[in-house]
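For reference, structure-v8.cif is printed below; it contains mmCIF, C-alpha atoms.
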```cif
data_query
#
loop_
_atom_site.group_PDB
_atom_site.id
_atom_site.type_symbol
_atom_site.label_atom_id
_atom_site.label_comp_id
_atom_site.auth_asym_id
_atom_site.auth_seq_id
_atom_site.Cartn_x
_atom_site.Cartn_y
_atom_site.Cartn_z
ATOM 1 C CA MET Z 303 -49.460 -59.988 -243.061
ATOM 2 C CA ILE Z 304 -50.977 -63.463 -242.545
ATOM 3 C CA LEU Z 305 -54.372 -63.916 -240.874
ATOM 4 C CA ILE Z 306 -55.014 -67.127 -238.917
ATOM 5 C CA THR Z 307 -58.465 -67.805 -237.523
ATOM 6 C CA GLY Z 308 -58.183 -70.151 -234.568
ATOM 7 C CA GLY Z 309 -54.610 -68.906 -234.299
ATOM 8 C CA ALA Z 310 -54.432 -69.469 -230.541
ATOM 9 C CA GLY Z 311 -55.751 -72.997 -230.913
ATOM 10 C CA PHE Z 312 -53.904 -76.227 -231.503
ATOM 11 C CA ILE Z 313 -53.003 -76.318 -235.193
ATOM 12 C CA GLY Z 314 -53.300 -72.547 -235.525
ATOM 13 C CA SER Z 315 -50.723 -71.767 -232.840
ATOM 14 C CA ASN Z 316 -48.254 -74.275 -234.293
ATOM 15 C CA LEU Z 317 -48.681 -72.636 -237.698
ATOM 16 C CA HIS Z 318 -48.343 -69.210 -236.089
ATOM 17 C CA ALA Z 319 -45.036 -70.235 -234.467
ATOM 18 C CA ALA Z 320 -43.708 -71.431 -237.835
ATOM 19 C CA LEU Z 321 -44.763 -68.217 -239.596
ATOM 20 C CA VAL Z 322 -43.160 -66.054 -236.907
ATOM 21 C CA ALA Z 323 -39.970 -68.083 -237.316
ATOM 22 C CA ARG Z 324 -40.104 -67.204 -241.017
ATOM 23 C CA GLY Z 325 -40.380 -63.508 -240.161
ATOM 24 C CA HIS Z 326 -44.054 -63.010 -241.052
ATOM 25 C CA GLU Z 327 -46.372 -60.584 -239.271
ATOM 26 C CA THR Z 328 -49.481 -62.415 -238.112
ATOM 27 C CA VAL Z 329 -53.023 -61.586 -237.097
ATOM 28 C CA VAL Z 330 -54.515 -64.164 -234.726
ATOM 29 C CA VAL Z 331 -58.310 -64.336 -234.703
ATOM 30 C CA ASP Z 332 -59.421 -66.173 -231.583
ATOM 31 C CA ARG Z 333 -60.929 -65.972 -228.109
ATOM 32 C CA LEU Z 334 -58.233 -66.441 -225.478
ATOM 33 C CA ARG Z 335 -60.765 -66.802 -222.640
ATOM 34 C CA SER Z 336 -59.596 -68.630 -219.524
ATOM 35 C CA GLU Z 337 -58.560 -72.100 -220.686
ATOM 36 C CA GLY Z 338 -54.889 -71.121 -220.873
ATOM 37 C CA LYS Z 339 -54.886 -70.718 -224.664
ATOM 38 C CA TRP Z 340 -52.695 -67.640 -224.252
ATOM 39 C CA ARG Z 341 -49.874 -70.021 -223.328
ATOM 40 C CA ASN Z 342 -49.964 -71.304 -226.912
ATOM 41 C CA LEU Z 343 -48.805 -67.818 -227.975
ATOM 42 C CA ALA Z 344 -46.571 -66.978 -225.019
ATOM 43 C CA ALA Z 345 -43.268 -67.707 -226.756
ATOM 44 C CA HIS Z 346 -44.186 -65.768 -229.901
ATOM 45 C CA PRO Z 347 -46.828 -63.037 -229.371
ATOM 46 C CA PRO Z 348 -48.657 -62.082 -232.585
ATOM 47 C CA ALA Z 349 -48.837 -58.585 -234.003
ATOM 48 C CA HIS Z 350 -52.607 -58.520 -233.460
ATOM 49 C CA VAL Z 351 -55.189 -60.601 -231.587
ATOM 50 C CA VAL Z 352 -58.699 -60.023 -232.919
ATOM 51 C CA SER Z 353 -61.856 -61.425 -231.346
ATOM 52 C CA PRO Z 354 -64.075 -63.299 -233.827
ATOM 53 C CA ASP Z 355 -66.808 -60.808 -232.925
ATOM 54 C CA GLU Z 356 -64.581 -57.988 -234.195
ATOM 55 C CA LEU Z 357 -63.316 -59.729 -237.327
ATOM 56 C CA ASP Z 358 -65.747 -58.137 -239.786
ATOM 57 C CA GLU Z 359 -64.868 -54.674 -238.482
ATOM 58 C CA PHE Z 360 -61.156 -55.472 -238.695
ATOM 59 C CA LEU Z 361 -61.463 -56.693 -242.293
ATOM 60 C CA ALA Z 362 -63.542 -53.673 -243.261
ATOM 61 C CA GLY Z 363 -60.436 -51.579 -242.584
ATOM 62 C CA HIS Z 364 -58.816 -53.239 -245.626
ATOM 63 C CA PRO Z 365 -55.702 -54.491 -243.839
ATOM 64 C CA PRO Z 366 -52.838 -55.641 -246.117
ATOM 65 C CA ILE Z 367 -53.601 -59.357 -245.735
ATOM 66 C CA GLU Z 368 -51.574 -61.639 -248.009
ATOM 67 C CA MET Z 369 -53.190 -64.920 -247.044
ATOM 68 C CA VAL Z 370 -55.939 -66.284 -244.778
ATOM 69 C CA PHE Z 371 -55.578 -69.609 -242.971
ATOM 70 C CA HIS Z 372 -59.097 -70.282 -241.712
ATOM 71 C CA LEU Z 373 -58.582 -72.895 -238.993
ATOM 72 C CA GLY Z 374 -61.022 -71.619 -236.369
ATOM 73 C CA ALA Z 375 -64.207 -73.629 -235.754
ATOM 74 C CA ILE Z 376 -66.344 -75.295 -233.163
ATOM 75 C CA SER Z 377 -64.559 -78.621 -233.478
ATOM 76 C CA ALA Z 378 -66.204 -80.716 -230.755
ATOM 77 C CA THR Z 379 -67.726 -83.837 -232.278
ATOM 78 C CA THR Z 380 -70.230 -83.755 -229.392
ATOM 79 C CA ALA Z 381 -71.498 -80.223 -230.191
ATOM 80 C CA VAL Z 382 -75.304 -79.970 -230.249
ATOM 81 C CA ASP Z 383 -76.075 -76.256 -230.809
ATOM 82 C CA GLY Z 384 -76.798 -76.294 -234.521
ATOM 83 C CA ASP Z 385 -77.303 -72.549 -234.838
ATOM 84 C CA LEU Z 386 -73.981 -71.762 -233.185
ATOM 85 C CA VAL Z 387 -72.117 -74.401 -235.196
ATOM 86 C CA TRP Z 388 -73.612 -73.134 -238.465
ATOM 87 C CA SER Z 389 -72.708 -69.540 -237.630
ATOM 88 C CA SER Z 390 -69.142 -70.428 -236.670
ATOM 89 C CA ASN Z 391 -68.329 -73.197 -239.129
ATOM 90 C CA VAL Z 392 -70.311 -72.312 -242.247
ATOM 91 C CA ALA Z 393 -71.498 -68.682 -242.271
ATOM 92 C CA LEU Z 394 -68.125 -67.276 -241.172
ATOM 93 C CA SER Z 395 -66.349 -69.460 -243.729
ATOM 94 C CA MET Z 396 -68.619 -68.082 -246.436
ATOM 95 C CA ARG Z 397 -67.894 -64.483 -245.447
ATOM 96 C CA LEU Z 398 -64.153 -65.104 -245.488
ATOM 97 C CA TRP Z 399 -64.347 -66.844 -248.883
ATOM 98 C CA HIS Z 400 -66.152 -63.857 -250.402
ATOM 99 C CA TRP Z 401 -63.829 -61.339 -248.714
ATOM 100 C CA CYS Z 402 -60.778 -63.145 -250.101
ATOM 101 C CA ALA Z 403 -62.355 -63.487 -253.545
ATOM 102 C CA MET Z 404 -63.166 -59.779 -253.772
ATOM 103 C CA ARG Z 405 -59.690 -58.685 -252.662
ATOM 104 C CA GLY Z 406 -57.525 -61.293 -254.345
ATOM 105 C CA VAL Z 407 -56.368 -62.874 -251.071
ATOM 106 C CA ARG Z 408 -55.380 -66.549 -250.946
ATOM 107 C CA PHE Z 409 -57.599 -68.743 -248.762
ATOM 108 C CA VAL Z 410 -56.843 -72.044 -247.007
ATOM 109 C CA TYR Z 411 -59.525 -73.541 -244.773
ATOM 110 C CA ALA Z 412 -59.893 -76.508 -242.453
ATOM 111 C CA SER Z 413 -62.320 -79.194 -243.480
ATOM 112 C CA SER Z 414 -62.265 -82.514 -241.600
ATOM 113 C CA ALA Z 415 -62.107 -86.267 -241.951
ATOM 114 C CA ALA Z 416 -65.336 -86.206 -239.913
ATOM 115 C CA THR Z 417 -67.088 -85.427 -243.225
ATOM 116 C CA TYR Z 418 -66.536 -89.067 -244.238
ATOM 117 C CA GLY Z 419 -68.855 -90.416 -241.551
ATOM 118 C CA ASP Z 420 -68.449 -94.129 -240.890
ATOM 119 C CA GLY Z 421 -66.179 -94.521 -243.916
ATOM 120 C CA THR Z 422 -68.491 -96.787 -245.886
ATOM 121 C CA GLN Z 423 -68.337 -94.322 -248.805
ATOM 122 C CA GLY Z 424 -64.552 -94.314 -248.725
ATOM 123 C CA PHE Z 425 -62.116 -91.501 -248.022
ATOM 124 C CA GLU Z 426 -61.439 -90.137 -251.494
ATOM 125 C CA ASP Z 427 -60.893 -86.376 -251.438
ATOM 126 C CA GLY Z 428 -61.780 -83.752 -254.025
ATOM 127 C CA LEU Z 429 -65.080 -82.058 -254.852
ATOM 128 C CA GLU Z 430 -66.517 -84.958 -256.832
ATOM 129 C CA GLY Z 431 -68.905 -87.305 -255.049
ATOM 130 C CA LEU Z 432 -69.411 -85.131 -251.974
ATOM 131 C CA GLU Z 433 -73.154 -85.789 -251.987
ATOM 132 C CA ARG Z 434 -72.507 -89.449 -251.090
ATOM 133 C CA LEU Z 435 -70.947 -88.591 -247.722
ATOM 134 C CA ARG Z 436 -72.969 -88.916 -244.507
ATOM 135 C CA PRO Z 437 -71.204 -87.334 -241.503
ATOM 136 C CA LEU Z 438 -72.045 -88.858 -238.131
ATOM 137 C CA ASN Z 439 -72.231 -85.661 -236.077
ATOM 138 C CA LEU Z 440 -73.066 -81.958 -236.260
ATOM 139 C CA TYR Z 441 -69.429 -80.896 -236.482
ATOM 140 C CA GLY Z 442 -68.718 -83.192 -239.435
ATOM 141 C CA TRP Z 443 -71.931 -82.106 -241.146
ATOM 142 C CA SER Z 444 -71.013 -78.405 -240.822
ATOM 143 C CA LYS Z 445 -67.626 -79.002 -242.441
ATOM 144 C CA HIS Z 446 -69.287 -81.029 -245.177
ATOM 145 C CA ALA Z 447 -71.830 -78.252 -245.718
ATOM 146 C CA PHE Z 448 -69.093 -75.721 -246.418
ATOM 147 C CA ASP Z 449 -67.280 -78.116 -248.774
ATOM 148 C CA LEU Z 450 -70.556 -78.362 -250.712
ATOM 149 C CA GLN Z 451 -70.886 -74.570 -250.716
ATOM 150 C CA VAL Z 452 -67.384 -74.294 -252.180
ATOM 151 C CA ARG Z 453 -68.317 -76.697 -254.971
ATOM 152 C CA ARG Z 454 -71.468 -74.692 -255.734
ATOM 153 C CA MET Z 455 -69.608 -71.372 -255.784
ATOM 154 C CA LEU Z 456 -66.941 -72.718 -258.100
ATOM 155 C CA ALA Z 457 -69.553 -74.239 -260.409
ATOM 156 C CA ALA Z 458 -71.401 -70.910 -260.543
ATOM 157 C CA GLY Z 459 -68.290 -69.305 -262.020
ATOM 158 C CA GLY Z 460 -68.213 -66.271 -259.747
ATOM 159 C CA LYS Z 461 -65.174 -64.675 -258.210
ATOM 160 C CA ARG Z 462 -62.965 -66.973 -256.234
ATOM 161 C CA PRO Z 463 -59.798 -66.502 -254.185
ATOM 162 C CA PRO Z 464 -56.675 -66.707 -256.394
ATOM 163 C CA GLN Z 465 -55.699 -69.790 -254.391
ATOM 164 C CA TRP Z 466 -58.254 -71.831 -252.464
ATOM 165 C CA VAL Z 467 -57.533 -75.003 -250.521
ATOM 166 C CA GLY Z 468 -59.653 -77.108 -248.187
ATOM 167 C CA LEU Z 469 -57.813 -79.621 -246.006
ATOM 168 C CA LYS Z 470 -59.550 -82.648 -244.537
ATOM 169 C CA PHE Z 471 -57.541 -83.058 -241.360
ATOM 170 C CA PHE Z 472 -57.380 -86.563 -239.947
ATOM 171 C CA ASN Z 473 -56.299 -87.261 -236.330
ATOM 172 C CA VAL Z 474 -53.737 -84.580 -235.510
ATOM 173 C CA TYR Z 475 -51.670 -84.767 -232.303
ATOM 174 C CA GLY Z 476 -48.909 -82.658 -230.803
ATOM 175 C CA PRO Z 477 -48.086 -79.728 -228.488
ATOM 176 C CA ASN Z 478 -50.463 -76.841 -227.707
ATOM 177 C CA GLU Z 479 -53.613 -78.971 -227.691
ATOM 178 C CA TYR Z 480 -54.002 -78.850 -223.907
ATOM 179 C CA HIS Z 481 -57.030 -76.521 -223.853
ATOM 180 C CA LYS Z 482 -59.167 -78.883 -225.949
ATOM 181 C CA GLY Z 483 -60.760 -80.801 -223.078
ATOM 182 C CA SER Z 484 -62.557 -83.936 -224.278
ATOM 183 C CA MET Z 485 -61.365 -83.270 -227.845
ATOM 184 C CA ILE Z 486 -57.685 -83.619 -226.931
ATOM 185 C CA SER Z 487 -55.719 -86.221 -228.889
ATOM 186 C CA VAL Z 488 -55.639 -89.876 -227.906
ATOM 187 C CA VAL Z 489 -51.854 -89.631 -227.522
ATOM 188 C CA LYS Z 490 -52.174 -86.999 -224.779
ATOM 189 C CA VAL Z 491 -54.988 -88.894 -223.058
ATOM 190 C CA LYS Z 492 -52.978 -92.141 -222.970
ATOM 191 C CA HIS Z 493 -49.941 -90.281 -221.622
ATOM 192 C CA ASP Z 494 -52.143 -88.802 -218.891
ATOM 193 C CA ASP Z 495 -53.294 -92.329 -217.978
ATOM 194 C CA ILE Z 496 -49.673 -93.351 -217.491
ATOM 195 C CA VAL Z 497 -48.755 -90.219 -215.507
ATOM 196 C CA ALA Z 498 -51.706 -90.966 -213.187
ATOM 197 C CA GLY Z 499 -50.125 -94.353 -212.442
ATOM 198 C CA GLY Z 500 -52.417 -96.524 -214.516
ATOM 199 C CA ALA Z 501 -52.368 -98.268 -217.854
ATOM 200 C CA PRO Z 502 -53.525 -96.550 -221.059
ATOM 201 C CA ARG Z 503 -57.275 -97.109 -221.336
ATOM 202 C CA LEU Z 504 -58.876 -97.963 -224.682
ATOM 203 C CA PHE Z 505 -62.516 -98.280 -225.668
ATOM 204 C CA ARG Z 506 -63.841 -101.736 -226.287
ATOM 205 C CA SER Z 507 -65.009 -102.206 -229.841
ATOM 206 C CA ASP Z 508 -68.666 -101.481 -230.633
ATOM 207 C CA ARG Z 509 -68.444 -103.233 -234.009
ATOM 208 C CA PRO Z 510 -69.124 -106.976 -234.391
ATOM 209 C CA GLY Z 511 -66.031 -108.817 -235.551
ATOM 210 C CA LEU Z 512 -63.662 -105.975 -234.633
ATOM 211 C CA ALA Z 513 -61.338 -106.807 -231.738
ATOM 212 C CA ASP Z 514 -60.884 -104.439 -228.818
ATOM 213 C CA GLY Z 515 -58.068 -102.016 -229.608
ATOM 214 C CA ALA Z 516 -58.184 -102.876 -233.312
ATOM 215 C CA GLN Z 517 -59.973 -99.648 -234.220
ATOM 216 C CA ARG Z 518 -57.709 -97.838 -236.675
ATOM 217 C CA ARG Z 519 -57.197 -94.149 -237.341
ATOM 218 C CA ASP Z 520 -54.826 -92.103 -239.462
ATOM 219 C CA PHE Z 521 -52.813 -90.248 -236.798
ATOM 220 C CA ILE Z 522 -50.709 -87.315 -238.039
ATOM 221 C CA TRP Z 523 -48.019 -85.370 -236.161
ATOM 222 C CA VAL Z 524 -48.812 -81.646 -236.087
ATOM 223 C CA ASP Z 525 -45.454 -80.640 -237.600
ATOM 224 C CA ASP Z 526 -46.404 -82.572 -240.737
ATOM 225 C CA VAL Z 527 -49.660 -80.593 -240.933
ATOM 226 C CA VAL Z 528 -47.762 -77.309 -240.582
ATOM 227 C CA ALA Z 529 -45.300 -78.419 -243.264
ATOM 228 C CA VAL Z 530 -48.185 -78.859 -245.710
ATOM 229 C CA LEU Z 531 -49.677 -75.467 -244.787
ATOM 230 C CA LEU Z 532 -46.321 -73.776 -245.400
ATOM 231 C CA TRP Z 533 -45.909 -75.662 -248.675
ATOM 232 C CA LEU Z 534 -49.276 -74.363 -249.829
ATOM 233 C CA MET Z 535 -48.148 -70.860 -248.960
ATOM 234 C CA ASP Z 536 -45.035 -71.371 -251.080
ATOM 235 C CA HIS Z 537 -47.000 -72.879 -253.993
ATOM 236 C CA PRO Z 538 -49.880 -70.526 -254.835
ATOM 237 C CA ALA Z 539 -50.833 -72.523 -257.929
ATOM 238 C CA ALA Z 540 -52.052 -75.434 -255.778
ATOM 239 C CA SER Z 541 -55.824 -75.376 -255.214
ATOM 240 C CA GLY Z 542 -58.349 -78.037 -254.317
ATOM 241 C CA LEU Z 543 -59.919 -80.096 -251.556
ATOM 242 C CA PHE Z 544 -57.282 -82.440 -250.149
ATOM 243 C CA ASN Z 545 -56.944 -85.071 -247.454
ATOM 244 C CA LEU Z 546 -54.293 -84.431 -244.834
ATOM 245 C CA GLY Z 547 -53.218 -87.570 -243.020
ATOM 246 C CA THR Z 548 -50.253 -89.910 -243.316
ATOM 247 C CA GLY Z 549 -51.948 -92.340 -245.678
ATOM 248 C CA ARG Z 550 -51.532 -95.182 -243.193
ATOM 249 C CA ALA Z 551 -54.065 -96.163 -240.523
ATOM 250 C CA ARG Z 552 -52.711 -97.486 -237.216
ATOM 251 C CA THR Z 553 -54.534 -99.287 -234.418
ATOM 252 C CA TYR Z 554 -55.238 -97.790 -231.034
ATOM 253 C CA ARG Z 555 -53.342 -100.719 -229.543
ATOM 254 C CA GLU Z 556 -50.254 -99.726 -231.560
ATOM 255 C CA LEU Z 557 -50.668 -96.136 -230.409
ATOM 256 C CA ALA Z 558 -50.886 -97.185 -226.756
ATOM 257 C CA ARG Z 559 -47.747 -99.289 -227.176
ATOM 258 C CA ALA Z 560 -45.900 -96.310 -228.663
ATOM 259 C CA VAL Z 561 -46.951 -94.070 -225.758
ATOM 260 C CA CYS Z 562 -45.795 -96.673 -223.233
ATOM 261 C CA GLU Z 563 -42.419 -97.014 -224.946
ATOM 262 C CA ALA Z 564 -41.915 -93.243 -225.192
ATOM 263 C CA SER Z 565 -42.875 -92.903 -221.520
ATOM 264 C CA GLY Z 566 -40.472 -95.628 -220.415
ATOM 265 C CA VAL Z 567 -43.102 -97.968 -218.924
ATOM 266 C CA ALA Z 568 -44.143 -101.533 -219.624
ATOM 267 C CA ASP Z 569 -46.562 -102.070 -222.496
ATOM 268 C CA ARG Z 570 -50.034 -102.747 -221.119
ATOM 269 C CA VAL Z 571 -53.591 -101.483 -221.650
ATOM 270 C CA GLU Z 572 -56.963 -101.543 -219.919
ATOM 271 C CA PHE Z 573 -60.148 -101.830 -221.965
ATOM 272 C CA ILE Z 574 -63.237 -99.869 -220.924
ATOM 273 C CA ASP Z 575 -66.763 -99.659 -222.319
ATOM 274 C CA MET Z 576 -67.419 -97.016 -224.953
ATOM 275 C CA PRO Z 577 -69.698 -94.232 -223.659
ATOM 276 C CA GLU Z 578 -73.288 -94.618 -224.794
ATOM 277 C CA LYS Z 579 -73.265 -91.252 -226.605
ATOM 278 C CA LEU Z 580 -70.428 -92.451 -228.872
ATOM 279 C CA ARG Z 581 -71.891 -95.813 -229.845
ATOM 280 C CA GLY Z 582 -72.904 -95.781 -233.465
ATOM 281 C CA ALA Z 583 -71.244 -92.374 -233.953
ATOM 282 C CA TYR Z 584 -67.634 -93.487 -233.570
ATOM 283 C CA GLN Z 585 -65.270 -93.810 -236.510
ATOM 284 C CA SER Z 586 -63.590 -97.208 -236.131
ATOM 285 C CA PHE Z 587 -61.484 -96.734 -239.248
ATOM 286 C CA THR Z 588 -60.054 -93.721 -241.043
ATOM 287 C CA GLU Z 589 -57.250 -93.603 -243.573
ATOM 288 C CA ALA Z 590 -56.362 -90.715 -245.845
ATOM 289 C CA PRO Z 591 -55.607 -91.476 -249.493
ATOM 290 C CA MET Z 592 -52.909 -88.885 -250.225
ATOM 291 C CA ALA Z 593 -52.583 -89.240 -254.008
ATOM 292 C CA ARG Z 594 -54.246 -85.918 -254.842
ATOM 293 C CA LEU Z 595 -51.917 -83.861 -252.642
ATOM 294 C CA ARG Z 596 -48.952 -85.770 -254.085
ATOM 295 C CA GLU Z 597 -50.204 -85.083 -257.599
ATOM 296 C CA ALA Z 598 -50.418 -81.394 -256.696
ATOM 297 C CA GLY Z 599 -46.689 -81.544 -256.028
ATOM 298 C CA TYR Z 600 -46.259 -82.139 -252.298
ATOM 299 C CA ALA Z 601 -43.249 -84.418 -251.782
ATOM 300 C CA GLY Z 602 -42.714 -84.159 -248.017
ATOM 301 C CA GLN Z 603 -42.587 -87.311 -245.924
ATOM 302 C CA PHE Z 604 -44.958 -88.011 -243.040
ATOM 303 C CA THR Z 605 -43.726 -88.954 -239.577
ATOM 304 C CA ALA Z 606 -44.264 -92.544 -238.433
ATOM 305 C CA LEU Z 607 -46.568 -92.881 -235.424
ATOM 306 C CA GLU Z 608 -43.813 -94.199 -233.138
ATOM 307 C CA ASP Z 609 -41.498 -91.312 -234.042
ATOM 308 C CA GLY Z 610 -44.174 -88.656 -233.641
ATOM 309 C CA VAL Z 611 -45.299 -90.021 -230.280
ATOM 310 C CA ALA Z 612 -41.693 -90.121 -229.063
ATOM 311 C CA ARG Z 613 -41.147 -86.482 -230.098
ATOM 312 C CA TYR Z 614 -44.353 -85.418 -228.374
ATOM 313 C CA VAL Z 615 -43.829 -87.316 -225.128
ATOM 314 C CA ARG Z 616 -40.090 -86.733 -224.719
ATOM 315 C CA GLY Z 617 -39.865 -83.279 -226.242
ATOM 316 C CA PHE Z 618 -43.009 -81.732 -224.734
ATOM 317 C CA LEU Z 619 -45.204 -83.780 -222.374
ATOM 318 C CA GLY Z 620 -42.254 -85.055 -220.372
ATOM 319 C CA THR Z 621 -40.606 -81.631 -219.987
ATOM 320 C CA ALA Z 622 -41.080 -78.611 -217.723
ATOM 321 C CA ASN Z 623 -42.623 -76.606 -220.585
ATOM 322 C CA ALA Z 624 -44.989 -78.560 -222.811
ATOM 323 C CA TYR Z 625 -45.769 -75.592 -225.067
ATOM 324 C CA ARG Z 626 -44.226 -74.640 -228.386
#
```

Could you write out this structure as structure tokens?
Amino acid sequence: MILITGGAGFIGSNLHAALVARGHETVVVDRLRSEGKWRNLAAHPPAHVVSPDELDEFLAGHPPIEMVFHLGAISATTAVDGDLVWSSNVALSMRLWHWCAMRGVRFVYASSAATYGDGTQGFEDGLEGLERLRPLNLYGWSKHAFDLQVRRMLAAGGKRPPQWVGLKFFNVYGPNEYHKGSMISVVKVKHDDIVAGGAPRLFRSDRPGLADGAQRRDFIWVDDVVAVLLWLMDHPAASGLFNLGTGRARTYRELARAVCEASGVADRVEFIDMPEKLRGAYQSFTEAPMARLREAGYAGQFTALEDGVARYVRGFLGTANAYR
């Protein structure tokens, strides 16, 4: 039995679909609520859906859990409720770490590239040098706080899960993200601009010397993320804090061009002012050094932006059923 927190969410539901295809029994920990998240599970209902409020009670029953993928979190970069974010993103992660350590259950959790802040301290992964990082928002800080807690617990020499992995996800895009509101991927937003009859809209640069549309991010197709998660499941000796991106940053202008091409429309964009709340808190460059994951043994290839966008637009967004 595999437990996935956030299992009805974007990455979680894609992982869930892959595990079901492998024949695994899954426990999805999530709130389905009314945003249509249930549609992410419609094609492959899990064995159990557990509310986060009921998770401690569920785990107290000593279910035969083989592995925990802890992907659930408050992931909005605009979140402002510090108490709620700490409870969801740090305290719950701590409880799951200790539960897995005590019972010998493998533990994989979602960190974030948001921990790197504006990138001036680089994007090198691992537990060394974490104190140099300065996240730009509450969400990034909460993920950073748990990474620091992991380093402290390991240094203290107490019990640890037999396999532990933190993954610093970069900009993931793909099907089943439709409930995410303002946190939905740029690929989906640009496709929506085109469907509405306009041109893809991009933020003007808020950095001196950086051209409009030249902001660069490491965009990764969700199937590549799931491939790494499954590889970790198949390789229990791999532990550590790893980046998870493609290793190659691409500009927003290149992304918009790829969405236009996949949508069968002329390549054009419209530049708009960046919202005031994002100025000074916007990552204009992210790129994931992937050497540590490669050194751990992962040999899979990452999908080029143009290919991933084409798969997303033509295989999901442009079809009658956009869900996996």

Within 12 Å of Glu426 in chain Z using only C-alpha atoms, minus same-chain residues under 5 positions, as a PDB file with C-alpha atoms, in the frame of the given file:
```
ATOM      1  CA  ALA Z 415     -62.107 -86.267-241.951  1.00  0.00           C
ATOM      2  CA  THR Z 417     -67.088 -85.427-243.225  1.00  0.00           C
ATOM      3  CA  TYR Z 418     -66.536 -89.067-244.238  1.00  0.00           C
ATOM      4  CA  GLY Z 421     -66.179 -94.521-243.916  1.00  0.00           C
ATOM      5  CA  GLY Z 431     -68.905 -87.305-255.049  1.00  0.00           C
ATOM      6  CA  LEU Z 432     -69.411 -85.131-251.974  1.00  0.00           C
ATOM      7  CA  ARG Z 434     -72.507 -89.449-251.090  1.00  0.00           C
ATOM      8  CA  LEU Z 435     -70.947 -88.591-247.722  1.00  0.00           C
ATOM      9  CA  LYS Z 470     -59.550 -82.648-244.537  1.00  0.00           C
ATOM     10  CA  LEU Z 543     -59.919 -80.096-251.556  1.00  0.00           C
ATOM     11  CA  PHE Z 544     -57.282 -82.440-250.149  1.00  0.00           C
ATOM     12  CA  ASN Z 545     -56.944 -85.071-247.454  1.00  0.00           C
ATOM     13  CA  LEU Z 546     -54.293 -84.431-244.834  1.00  0.00           C
ATOM     14  CA  GLY Z 549     -51.948 -92.340-245.678  1.00  0.00           C
ATOM     15  CA  THR Z 588     -60.054 -93.721-241.043  1.00  0.00           C
ATOM     16  CA  GLU Z 589     -57.250 -93.603-243.573  1.00  0.00           C
ATOM     17  CA  ALA Z 590     -56.362 -90.715-245.845  1.00  0.00           C
ATOM     18  CA  PRO Z 591     -55.607 -91.476-249.493  1.00  0.00           C
ATOM     19  CA  MET Z 592     -52.909 -88.885-250.225  1.00  0.00           C
ATOM     20  CA  ALA Z 593     -52.583 -89.240-254.008  1.00  0.00           C
ATOM     21  CA  ARG Z 594     -54.246 -85.918-254.842  1.00  0.00           C
ATOM     22  CA  LEU Z 595     -51.917 -83.861-252.642  1.00  0.00           C
TER      23      LEU Z 595
END
```

How far is it from CA of Val611 in chain Z to CA of Cys562 in chain Z, in Å with one decimal? 9.7 Å

Could you check how far CA of Ala598 in chain Z sits from CA of Ser541 in chain Z, in Å to one decimal? 8.2 Å

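Each of Z:Arg552, Z:His446, Z:Lys579, Z:His326 was checked against Asp427 in chain Z using all atoms listed in the file; the smallest atom-to-atom distance is that of Z:His446.
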
Long-range neighbours of Ile486 in chain Z as a PyMOL selection string, 12 Å cut-off, all atoms listed in the file, 2 positions minimum in chain: chain Z and resi 311-313+377-379+473-484+488-494

Could you please take those selected residues and save C-alpha atoms as a compact mmCIF listing (two decimals), in the frame of the given file?
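After the write, part_31.txt holds the following:
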```txt
# COMPACT_ATOMS: atom_id res chain seq x y z
CA GLY Z 311 -55.75 -73.00 -230.91
CA PHE Z 312 -53.90 -76.23 -231.50
CA ILE Z 313 -53.00 -76.32 -235.19
CA SER Z 377 -64.56 -78.62 -233.48
CA ALA Z 378 -66.20 -80.72 -230.76
CA THR Z 379 -67.73 -83.84 -232.28
CA ASN Z 473 -56.30 -87.26 -236.33
CA VAL Z 474 -53.74 -84.58 -235.51
CA TYR Z 475 -51.67 -84.77 -232.30
CA GLY Z 476 -48.91 -82.66 -230.80
CA PRO Z 477 -48.09 -79.73 -228.49
CA ASN Z 478 -50.46 -76.84 -227.71
CA GLU Z 479 -53.61 -78.97 -227.69
CA TYR Z 480 -54.00 -78.85 -223.91
CA HIS Z 481 -57.03 -76.52 -223.85
CA LYS Z 482 -59.17 -78.88 -225.95
CA GLY Z 483 -60.76 -80.80 -223.08
CA SER Z 484 -62.56 -83.94 -224.28
CA VAL Z 488 -55.64 -89.88 -227.91
CA VAL Z 489 -51.85 -89.63 -227.52
CA LYS Z 490 -52.17 -87.00 -224.78
CA VAL Z 491 -54.99 -88.89 -223.06
CA LYS Z 492 -52.98 -92.14 -222.97
CA HIS Z 493 -49.94 -90.28 -221.62
CA ASP Z 494 -52.14 -88.80 -218.89
```

Counting only C-alpha atoms, which residues have an atom no more than 10 Å from (-51.4, -73.7, -247.8) in the file's coordinates? Please list them as a PyMOL selection string. chain Z and resi 369-371+408-411+465-469+527-538+540-541

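CA of Arg570 in chain Z lies 9.2 Å from CA of Arg503 in chain Z.
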
With all atoms listed in the file as the counted atoms, please give the residues lying no more than 8 Å from range 447-464 of chain Z, apart from itself and same-chain residues fewer than 6 positions off, as JSON, numbers by chain. {"Z": [391, 392, 395, 396, 399, 400, 402, 403, 404, 405, 406, 407, 408, 409, 413, 429, 432, 433, 538]}

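Restricting the calculation to only C-alpha atoms, the smallest distance between Phe505 in chain Z and any of Z:Asp383, Z:Asp575, Z:Glu430, Z:Asp358 is found for Z:Asp575.
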
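Minimum distance to Glu572 in chain Z across Z:Arg518, Z:Pro502, Z:Gly620, Z:Thr548 (counting only C-alpha atoms) occurs at Z:Pro502.
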
Carefully work through the PyMOL selection byres ((chain Z and resi 514-517) around 12) for this structure and note down the residues it includes, as a PyMOL selection string. chain Z and resi 502-513+518-520+551-559+570-576+584-589
